[in-house]
$ cat data.cif   # mmCIF, C-alpha atoms
data_final
#
loop_
_atom_site.group_PDB
_atom_site.id
_atom_site.type_symbol
_atom_site.label_atom_id
_atom_site.label_comp_id
_atom_site.auth_asym_id
_atom_site.auth_seq_id
_atom_site.Cartn_x
_atom_site.Cartn_y
_atom_site.Cartn_z
ATOM 1 C CA MET A 1 0.000 0.000 0.000
ATOM 2 C CA ALA A 2 2.782 2.432 0.931
ATOM 3 C CA GLU A 3 4.511 1.616 -2.347
ATOM 4 C CA LEU A 4 1.369 2.445 -4.342
ATOM 5 C CA THR A 5 1.047 5.718 -2.454
ATOM 6 C CA THR A 6 4.686 6.551 -3.144
ATOM 7 C CA LEU A 7 4.228 5.887 -6.863
ATOM 8 C CA ALA A 8 0.890 7.710 -7.085
ATOM 9 C CA ARG A 9 1.776 10.818 -5.051
ATOM 10 C CA PRO A 10 3.734 12.732 -7.757
ATOM 11 C CA TYR A 11 0.926 12.212 -10.272
ATOM 12 C CA ALA A 12 -1.749 13.241 -7.784
ATOM 13 C CA LYS A 13 0.275 16.298 -6.801
ATOM 14 C CA ALA A 14 0.803 17.305 -10.441
ATOM 15 C CA ALA A 15 -2.912 16.878 -11.196
ATOM 16 C CA PHE A 16 -3.838 18.863 -8.082
ATOM 17 C CA GLU A 17 -1.453 21.730 -8.887
ATOM 18 C CA HIS A 18 -2.715 21.882 -12.472
ATOM 19 C CA ALA A 19 -6.360 21.802 -11.342
ATOM 20 C CA LEU A 20 -5.680 24.495 -8.766
ATOM 21 C CA GLN A 21 -3.978 26.713 -11.338
ATOM 22 C CA ALA A 22 -6.795 26.111 -13.847
ATOM 23 C CA LYS A 23 -9.409 26.711 -11.114
ATOM 24 C CA SER A 24 -11.038 23.368 -11.902
ATOM 25 C CA LEU A 25 -10.657 21.341 -8.701
ATOM 26 C CA GLU A 26 -14.206 19.943 -8.821
ATOM 27 C CA ALA A 27 -13.959 18.924 -12.487
ATOM 28 C CA TRP A 28 -10.634 17.176 -11.881
ATOM 29 C CA ALA A 29 -11.881 15.458 -8.737
ATOM 30 C CA SER A 30 -14.914 14.172 -10.629
ATOM 31 C CA ALA A 31 -12.820 13.046 -13.613
ATOM 32 C CA LEU A 32 -10.357 11.203 -11.376
ATOM 33 C CA VAL A 33 -13.156 9.433 -9.483
ATOM 34 C CA THR A 34 -14.630 8.287 -12.804
ATOM 35 C CA ALA A 35 -11.240 7.186 -14.127
ATOM 36 C CA ALA A 36 -10.515 5.336 -10.871
ATOM 37 C CA ALA A 37 -13.813 3.458 -11.167
ATOM 38 C CA VAL A 38 -12.987 2.495 -14.748
ATOM 39 C CA ALA A 39 -9.477 1.367 -13.703
ATOM 40 C CA GLN A 40 -10.957 -0.986 -11.089
ATOM 41 C CA ASP A 41 -13.069 -2.914 -13.622
ATOM 42 C CA ASP A 42 -11.777 -6.476 -14.126
ATOM 43 C CA LYS A 43 -11.859 -6.294 -17.935
ATOM 44 C CA VAL A 44 -10.040 -2.955 -17.917
ATOM 45 C CA GLN A 45 -7.392 -4.340 -15.552
ATOM 46 C CA ALA A 46 -6.880 -7.268 -17.933
ATOM 47 C CA MET A 47 -6.494 -4.853 -20.859
ATOM 48 C CA LEU A 48 -4.039 -2.677 -18.919
ATOM 49 C CA SER A 49 -1.857 -5.651 -18.004
ATOM 50 C CA SER A 50 -1.935 -7.110 -21.520
ATOM 51 C CA PRO A 51 1.343 -6.738 -23.432
ATOM 52 C CA SER A 52 -0.534 -6.890 -26.761
ATOM 53 C CA PHE A 53 -1.756 -3.287 -26.375
ATOM 54 C CA THR A 54 0.542 -0.309 -26.868
ATOM 55 C CA SER A 55 0.451 2.477 -24.314
ATOM 56 C CA SER A 56 -1.306 4.768 -26.803
ATOM 57 C CA ALA A 57 -3.929 2.088 -27.523
ATOM 58 C CA LYS A 58 -4.448 1.587 -23.781
ATOM 59 C CA ALA A 59 -4.826 5.347 -23.290
ATOM 60 C CA ALA A 60 -7.278 5.714 -26.193
ATOM 61 C CA THR A 61 -9.383 2.774 -24.983
ATOM 62 C CA PHE A 62 -9.289 3.973 -21.401
ATOM 63 C CA ILE A 63 -10.306 7.523 -22.332
ATOM 64 C CA SER A 64 -13.182 6.222 -24.456
ATOM 65 C CA LEU A 65 -14.446 4.198 -21.459
ATOM 66 C CA CYS A 66 -14.623 7.246 -19.205
ATOM 67 C CA THR A 67 -18.274 8.157 -19.581
ATOM 68 C CA GLU A 68 -17.972 11.774 -18.554
ATOM 69 C CA GLU A 69 -16.446 14.363 -20.845
ATOM 70 C CA LEU A 70 -12.770 14.722 -20.144
ATOM 71 C CA ASP A 71 -11.156 17.967 -21.132
ATOM 72 C CA GLU A 72 -7.918 17.981 -23.108
ATOM 73 C CA SER A 73 -5.657 18.318 -20.060
ATOM 74 C CA GLN A 74 -7.382 15.391 -18.314
ATOM 75 C CA GLN A 75 -7.003 13.262 -21.444
ATOM 76 C CA ASN A 76 -3.327 14.254 -21.626
ATOM 77 C CA PHE A 77 -2.914 13.282 -17.977
ATOM 78 C CA LEU A 78 -4.367 9.820 -18.657
ATOM 79 C CA THR A 79 -2.091 9.485 -21.696
ATOM 80 C CA VAL A 80 0.969 10.291 -19.578
ATOM 81 C CA LEU A 81 -0.168 7.738 -16.995
ATOM 82 C CA SER A 82 -0.549 5.164 -19.767
ATOM 83 C CA GLU A 83 2.895 5.911 -21.220
ATOM 84 C CA ASN A 84 4.402 5.305 -17.779
ATOM 85 C CA ASN A 85 2.257 2.195 -17.090
ATOM 86 C CA ARG A 86 0.553 3.992 -14.196
ATOM 87 C CA LEU A 87 -3.138 3.750 -15.157
ATOM 88 C CA PRO A 88 -3.673 1.008 -12.526
ATOM 89 C CA LEU A 89 -2.675 3.608 -9.903
ATOM 90 C CA LEU A 90 -5.737 5.759 -10.640
ATOM 91 C CA PRO A 91 -7.696 4.716 -7.521
ATOM 92 C CA GLU A 92 -4.753 5.749 -5.323
ATOM 93 C CA ILE A 93 -4.187 8.937 -7.378
ATOM 94 C CA ALA A 94 -7.873 9.872 -6.984
ATOM 95 C CA SER A 95 -7.674 9.240 -3.240
ATOM 96 C CA LEU A 96 -4.549 11.377 -2.832
ATOM 97 C CA PHE A 97 -6.053 14.123 -5.011
ATOM 98 C CA ALA A 98 -9.145 14.152 -2.777
ATOM 99 C CA ALA A 99 -6.905 14.454 0.288
ATOM 100 C CA PHE A 100 -4.951 17.351 -1.268
ATOM 101 C CA LYS A 101 -8.252 19.020 -2.198
ATOM 102 C CA ALA A 102 -9.716 18.552 1.291
ATOM 103 C CA ASN A 103 -6.548 19.926 2.882
ATOM 104 C CA TYR A 104 -6.608 22.943 0.553
ATOM 105 C CA GLU A 105 -10.274 23.559 1.301
ATOM 106 C CA LYS A 106 -9.655 22.987 5.021
ATOM 107 C CA ALA A 107 -12.216 20.184 5.113
ATOM 108 C CA VAL A 108 -12.126 16.755 6.704
ATOM 109 C CA ASP A 109 -14.456 13.767 6.754
ATOM 110 C CA VAL A 110 -14.940 12.446 10.278
ATOM 111 C CA GLN A 111 -16.310 8.962 10.965
ATOM 112 C CA VAL A 112 -17.831 8.432 14.404
ATOM 113 C CA SER A 113 -18.639 4.890 15.470
ATOM 114 C CA SER A 114 -20.583 4.665 18.704
ATOM 115 C CA ALA A 115 -22.159 1.897 20.736
ATOM 116 C CA TYR A 116 -25.546 3.632 20.496
ATOM 117 C CA GLU A 117 -27.201 5.937 17.984
ATOM 118 C CA ILE A 118 -26.181 9.586 18.321
ATOM 119 C CA ASP A 119 -29.035 12.069 17.907
ATOM 120 C CA ASP A 120 -28.767 15.049 15.556
ATOM 121 C CA ALA A 121 -28.217 17.654 18.296
ATOM 122 C CA VAL A 122 -25.245 15.743 19.719
ATOM 123 C CA GLN A 123 -23.862 15.204 16.207
ATOM 124 C CA GLU A 124 -24.029 18.965 15.563
ATOM 125 C CA LYS A 125 -22.246 19.730 18.849
ATOM 126 C CA LEU A 126 -19.612 17.092 18.113
ATOM 127 C CA ALA A 127 -19.072 18.438 14.586
ATOM 128 C CA ALA A 128 -18.702 22.007 15.923
ATOM 129 C CA SER A 129 -16.270 20.879 18.620
ATOM 130 C CA LEU A 130 -14.177 18.837 16.159
ATOM 131 C CA SER A 131 -14.240 21.679 13.639
ATOM 132 C CA LYS A 132 -12.771 24.016 16.257
ATOM 133 C CA LYS A 133 -10.196 21.465 17.465
ATOM 134 C CA LEU A 134 -9.062 20.404 13.969
ATOM 135 C CA ASP A 135 -9.335 23.909 12.452
ATOM 136 C CA ARG A 136 -11.196 22.371 9.532
ATOM 137 C CA GLN A 137 -14.722 22.228 8.154
ATOM 138 C CA VAL A 138 -16.009 18.872 9.434
ATOM 139 C CA SER A 139 -18.310 16.534 7.545
ATOM 140 C CA LEU A 140 -19.525 14.093 10.194
ATOM 141 C CA HIS A 141 -20.674 10.549 9.400
ATOM 142 C CA ALA A 142 -22.014 8.506 12.310
ATOM 143 C CA ASP A 143 -22.675 4.789 12.571
ATOM 144 C CA VAL A 144 -23.508 2.293 15.291
ATOM 145 C CA ASP A 145 -21.058 -0.430 16.333
ATOM 146 C CA THR A 146 -22.522 -2.390 19.247
ATOM 147 C CA SER A 147 -19.218 -4.237 19.770
ATOM 148 C CA LEU A 148 -17.830 -1.031 21.334
ATOM 149 C CA ILE A 149 -20.000 -1.720 24.430
ATOM 150 C CA GLY A 150 -20.104 2.002 25.257
ATOM 151 C CA GLY A 151 -18.479 5.252 24.165
ATOM 152 C CA ALA A 152 -17.272 6.049 20.653
ATOM 153 C CA VAL A 153 -14.370 5.910 18.222
ATOM 154 C CA VAL A 154 -13.668 9.055 16.177
ATOM 155 C CA ARG A 155 -11.630 8.824 12.952
ATOM 156 C CA ALA A 156 -10.481 11.965 11.145
ATOM 157 C CA GLY A 157 -7.904 11.171 8.485
ATOM 158 C CA ASP A 158 -4.922 9.594 10.268
ATOM 159 C CA THR A 159 -6.188 10.659 13.694
ATOM 160 C CA VAL A 160 -8.105 8.088 15.738
ATOM 161 C CA ILE A 161 -9.597 8.915 19.133
ATOM 162 C CA ASP A 162 -10.787 5.749 20.863
ATOM 163 C CA LEU A 163 -13.090 6.590 23.766
ATOM 164 C CA SER A 164 -14.900 3.258 23.706
ATOM 165 C CA VAL A 165 -15.282 0.801 26.564
ATOM 166 C CA LYS A 166 -13.903 -1.897 24.257
ATOM 167 C CA GLY A 167 -10.775 0.215 23.668
ATOM 168 C CA LYS A 168 -10.325 0.926 27.370
ATOM 169 C CA LEU A 169 -10.662 -2.786 28.186
ATOM 170 C CA ALA A 170 -8.082 -3.639 25.513
ATOM 171 C CA GLN A 171 -5.682 -1.056 27.040
ATOM 172 C CA LEU A 172 -6.274 -2.489 30.504
ATOM 173 C CA ALA A 173 -5.673 -6.049 29.296
ATOM 174 C CA ASP A 174 -2.482 -4.958 27.534
ATOM 175 C CA ALA A 175 -1.264 -3.195 30.673
ATOM 176 C CA MET A 176 -1.952 -6.277 32.778
ATOM 177 C CA ILE A 177 -0.022 -8.527 30.378
ATOM 178 C CA HIS A 178 3.051 -6.281 30.274
#
$ encode --input "data.cif" --output "structure tokens"
Amino acid sequence: MAELTTLARPYAKAAFEHALQAKSLEAWASALVTAAAVAQDDKVQAMLSSPSFTSSAKAATFISLCTEELDESQQNFLTVLSENNRLPLLPEIASLFAAFKANYEKAVDVQVSSAYEIDDAVQEKLAASLSKKLDRQVSLHADVDTSLIGGAVVRAGDTVIDLSVKGKLAQLADAMIH
């Protein structure tokens, strides 16, 4: 996974910088999500790994499969990826692009798993509190995980805050063993 990220990062960064300069972040994000979905199709993966196709044939086929209109720079980007045998990296490139975009827009998706359902008022308070703490616009997604016993687990990017009973018991058990 880290290797894919390392390979994909320069392409995602180049796409992000171009989209930022062209003031077309949303269009690029949408195009990359579409291209990533196409790249994950089994038949497309077989075509991309086939030595019988040239890189230009792979690029032309891939571009024709992308249902949404790609502008010239997006088509050129896919052609460059094809020439460097990097089209299979599109899901990772799209993910990194989305992270760059969210960081630029000072936004973060936060996943809250709790033992019990959280009502809307508490979700709003939690989102406001996290927004202030993270200095970002928070988009909160809540779900119920009864295995937590009580409390909640908050995930925001690489940050995980485990305030669950299950997590506390695991810490206690680990402390008792060591």
$ closest_residue --input "data.cif" --among "A:Ala15, A:Ala8, A:Leu96, A:Ala37" --to "A:Asn76" --atoms "only C-alpha atoms"
A:Ala15
$ resolve_selection --input "data.cif" --expression "the PyMOL selection byres ((chain A and resi 148) around 10)" --output "ChimeraX atom specification"
/A:113-116,144-147,149-153,162-168
$ closest_atom_pairs --input "data.cif" --of "stretch 14-111 of chain A" --to "stretch 138-143 of chain A" --cutoff "12 Å" --atoms "all atoms listed in the file" --output "JSON lines"
{"residue": "A:Ala102", "atom": "CA", "partner": "A:Val138", "partner_atom": "CA", "distance": 10.3}
{"residue": "A:Asn103", "atom": "CA", "partner": "A:Val138", "partner_atom": "CA", "distance": 11.6}
{"residue": "A:Glu105", "atom": "CA", "partner": "A:Val138", "partner_atom": "CA", "distance": 11.0}
{"residue": "A:Lys106", "atom": "CA", "partner": "A:Val138", "partner_atom": "CA", "distance": 8.8}
{"residue": "A:Ala107", "atom": "CA", "partner": "A:Val138", "partner_atom": "CA", "distance": 5.9}
{"residue": "A:Val108", "atom": "CA", "partner": "A:Val138", "partner_atom": "CA", "distance": 5.2}
{"residue": "A:Asp109", "atom": "CA", "partner": "A:Ser139", "partner_atom": "CA", "distance": 4.8}
{"residue": "A:Val110", "atom": "CA", "partner": "A:Leu140", "partner_atom": "CA", "distance": 4.9}
{"residue": "A:Gln111", "atom": "CA", "partner": "A:His141", "partner_atom": "CA", "distance": 4.9}
$ resolve_selection --input "data.cif" --expression "the PyMOL selection byres ((chain A and resi 59-67) around 9)" --output "list in words"
Ala31, Thr34, Ala35, Ala37, Val38, Ala39, Val44, Leu48, Thr54, Ser55, Ser56, Ala57, Lys58, Glu68, Glu69, Leu70, Gln75, Leu78, Thr79, Val80, Leu81, Ser82, Glu83 and Leu87 of chain A
$ atom_distance --input "data.cif" --atom1 "atom CA of A:Ala99" --atom2 "atom CA of A:Ala27"
15.3 Å
$ atom_distance --input "data.cif" --atom1 "atom CA of A:Ala170" --atom2 "atom CA of A:Ala156"
21.3 Å
$ closest_residue --input "data.cif" --among "A:Ser95, A:Ala127, A:Pro88, A:Arg136" --to "A:Met47" --atoms "all atoms listed in the file"
A:Pro88
$ axis_aligned_box --input "data.cif" --around "stretch 70-86 of chain A" --padding-each-side "5 Å" --output "JSON"
{"center_x": -4.2, "center_y": 10.3, "center_z": -18.7, "size_x": 27.2, "size_y": 26.1, "size_z": 18.9}
$ residues_near_point --input "data.cif" --point "(-5.4, 3.0, -7.7)" --cutoff "7 Å" --atoms "all atoms listed in the file" --output "NGL selection string"
:A and (36 or 88-93)
$ closest_residue --input "data.cif" --among "A:Gln74, A:Thr6, A:Ser52, A:Ser30" --to "A:His18" --atoms "all atoms listed in the file"
A:Gln74
$ atom_distance --input "data.cif" --atom1 "atom CA of A:Ala12" --atom2 "atom CA of A:Ser50"
24.6 Å
$ closest_residue --input "data.cif" --among "A:Ala94, A:Phe100, A:Gln40, A:Glu17" --to "A:Gly157" --atoms "only C-alpha atoms"
A:Phe100
